[in-house]
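Engineer: First the structure, which I've put down as structure tokens, then a few questions once you've had a look.
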Amino acid sequence: MLDHIPPDGVAPGNGYSHVVVGEGRLVVISGQVALDAKGNVVGEGDAAAQARQVFENLQRCLAAGGATFADVAKLTYYVTDIAVLPEVRAARDAYVDTARPPASTAVQVAALFRPELLLEVEALAILPW
């Protein structure tokens, strides 16, 4: 079970928790991009479609580690344009408990490993003992 703790003296997060605490087995998911099972880009030029594919990939990776989005303590977003965050958040909100969202960091980067990719998201989950 993860605890979401609002710290004193810190403005509330907009769609994320500042502090998430848990005990258990750590599951680390590498950054996922909008590639399908065959390695083809999904949603070229479409941030919403890419975000949906990224979260589908994250869900599959979490399942492989025995976890679900309920176990995710932290998400890190790498985007080539910070303006795509609304689309990313909309996709995320279909998977996480928006009343108790994971801690998050969003970073704009110059590029990802393929020019047609708009975002990459990595996850840290904690499974209860």
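Chain identifiers are assigned as A, B, and so on, following the order in which chains appear in the structure tokens; residues are numbered from 1 within each chain, and ligands are numbered from 1 in order of appearance.
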Pick out the residues sitting within 9 Å of Ile126 in chain A, and hand them over as a PyMOL selection string; count only C-alpha atoms, and ignore anything fewer than 4 positions along from it in its own chain.

Structural biologist: chain A and resi 1-2+22-28+67+71-73

Engineer: Within 9 Å of range 32-48 of chain A, counting only C-alpha atoms, which residues show up once you throw out same-chain ones fewer than 2 positions away? Write them as a list in words, please.

Structural biologist: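 Counting only the stated atoms, we get Ile29, Ser30, Gln50, Ala51, Arg52, Gln53, Val54, Phe55, Asn57, Leu58, Cys61, Val84, Leu85, Pro86, Glu87, Val88, Ala90, Ala91, Glu116, Leu117, Leu118, Leu119, Glu120, Val121, Glu122 and Ala123 of chain A.
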
Engineer: To test your reading of the structure, identify every residue in chain A that backbone DSSP assigns to strand (DSSP E), and report it as JSON, numbers by chain.

Structural biologist: {"A": [3, 4, 5, 19, 20, 21, 25, 26, 27, 28, 29, 30, 31, 32, 72, 73, 74, 75, 76, 77, 78, 79, 103, 104, 105, 106, 107, 108, 119, 120, 121, 122, 123, 124, 125, 126, 127]}

Engineer: Any idea what the distance is between CA of Phe113 in chain A and CA of Tyr77 in chain A?

Structural biologist: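 Computing it gives 14.6 Å between the two atoms.
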
Engineer: Near Lys74 in chain A, counting only C-alpha atoms, which residues have an atom at most 8 Å away, once you skip same-chain residues fewer than 4 positions from it, shown as a list in words?

Structural biologist: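 Contacts, in chain order: Val20, Pro102, Ala103, Ser104, Ala123, Leu124 and Ala125 of chain A.
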
Engineer: Pick out each residue of chain A that DSSP on the backbone tags as alpha helix (DSSP H); I need them as a ChimeraX atom specification.

Structural biologist: /A:47-64,85-93

Engineer: Expressed in Å to a single decimal, how great is the separation between CA of Thr76 in chain A and CA of Ile5 in chain A?

Structural biologist: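 Separation of CA of Thr76 in chain A and CA of Ile5 in chain A: 18.7 Å.
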
Engineer: One decimal, Å: what's the distance from CA of Ala11 in chain A over to CA of Leu127 in chain A, could you say?

Structural biologist: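 Separation of CA of Ala11 in chain A and CA of Leu127 in chain A: 28.4 Å.
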
Engineer: Counting only C-alpha atoms, figure out which residue out of A:Gly31, A:Arg114, A:Ala70, A:Ala49 gets nearest to Asp97 in chain A.

Structural biologist: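 Of A:Gly31, A:Arg114, A:Ala70, A:Ala49, the one nearest Asp97 in chain A, counting only C-alpha atoms, is A:Ala70.
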
Engineer: Which residue is closest to Arg100 in chain A? Choose from A:Ala63, A:Pro6, A:Ser17, A:Pro12 and count only C-alpha atoms.

Structural biologist: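 Looking only at the distances to Arg100 in chain A, the closest residue turns out to be A:Ser17.
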
Engineer: Do you know which residues are at most 9 Å from Gln59 in chain A counting only C-alpha atoms, after dropping those on the same chain fewer than 6 positions away, and could you put them as a PyMOL selection string?

Structural biologist: chain A and resi 67-69+95

Engineer: Dump all heavy atoms for the selected residues as a PDB file, in the first residue's frame?

Structural biologist:
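New file again-v4.pdb:
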```
ATOM      1  N   ALA A  67       2.960  -5.940 -11.144  1.00  0.00           N
ATOM      2  CA  ALA A  67       2.426  -4.684 -10.594  1.00  0.00           C
ATOM      3  C   ALA A  67       1.288  -4.152 -11.458  1.00  0.00           C
ATOM      4  O   ALA A  67       1.061  -4.609 -12.586  1.00  0.00           O
ATOM      5  CB  ALA A  67       3.538  -3.640 -10.496  1.00  0.00           C
ATOM      6  N   THR A  68       0.593  -3.150 -10.916  1.00  0.00           N
ATOM      7  CA  THR A  68      -0.424  -2.408 -11.651  1.00  0.00           C
ATOM      8  C   THR A  68      -0.152  -0.918 -11.430  1.00  0.00           C
ATOM      9  O   THR A  68       0.739  -0.546 -10.653  1.00  0.00           O
ATOM     10  CB  THR A  68      -1.853  -2.727 -11.145  1.00  0.00           C
ATOM     11  OG1 THR A  68      -2.007  -2.172  -9.829  1.00  0.00           O
ATOM     12  CG2 THR A  68      -2.124  -4.221 -11.132  1.00  0.00           C
ATOM     13  N   PHE A  69      -0.946  -0.086 -12.055  1.00  0.00           N
ATOM     14  CA  PHE A  69      -0.781   1.349 -11.842  1.00  0.00           C
ATOM     15  C   PHE A  69      -1.072   1.743 -10.399  1.00  0.00           C
ATOM     16  O   PHE A  69      -0.581   2.767  -9.934  1.00  0.00           O
ATOM     17  CB  PHE A  69      -1.632   2.157 -12.819  1.00  0.00           C
ATOM     18  CG  PHE A  69      -0.946   2.396 -14.136  1.00  0.00           C
ATOM     19  CD1 PHE A  69      -1.221   1.599 -15.226  1.00  0.00           C
ATOM     20  CD2 PHE A  69      -0.007   3.411 -14.268  1.00  0.00           C
ATOM     21  CE1 PHE A  69      -0.566   1.808 -16.438  1.00  0.00           C
ATOM     22  CE2 PHE A  69       0.654   3.627 -15.466  1.00  0.00           C
ATOM     23  CZ  PHE A  69       0.367   2.826 -16.549  1.00  0.00           C
ATOM     24  N   TYR A  95      -5.493   5.663 -16.395  1.00  0.00           N
ATOM     25  CA  TYR A  95      -4.797   4.533 -15.773  1.00  0.00           C
ATOM     26  C   TYR A  95      -4.550   4.691 -14.276  1.00  0.00           C
ATOM     27  O   TYR A  95      -4.456   3.702 -13.567  1.00  0.00           O
ATOM     28  CB  TYR A  95      -3.447   4.294 -16.465  1.00  0.00           C
ATOM     29  CG  TYR A  95      -3.607   3.783 -17.873  1.00  0.00           C
ATOM     30  CD1 TYR A  95      -3.766   4.667 -18.937  1.00  0.00           C
ATOM     31  CD2 TYR A  95      -3.617   2.427 -18.138  1.00  0.00           C
ATOM     32  CE1 TYR A  95      -3.926   4.202 -20.226  1.00  0.00           C
ATOM     33  CE2 TYR A  95      -3.786   1.950 -19.433  1.00  0.00           C
ATOM     34  CZ  TYR A  95      -3.941   2.853 -20.465  1.00  0.00           C
ATOM     35  OH  TYR A  95      -4.108   2.383 -21.738  1.00  0.00           O
TER      36      TYR A  95
END
```

Engineer: For Gln108 in chain A, which residue among A:Arg89, A:Asn14, A:Pro128, A:Thr80 is the nearest when counting only C-alpha atoms?

Structural biologist: A:Thr80
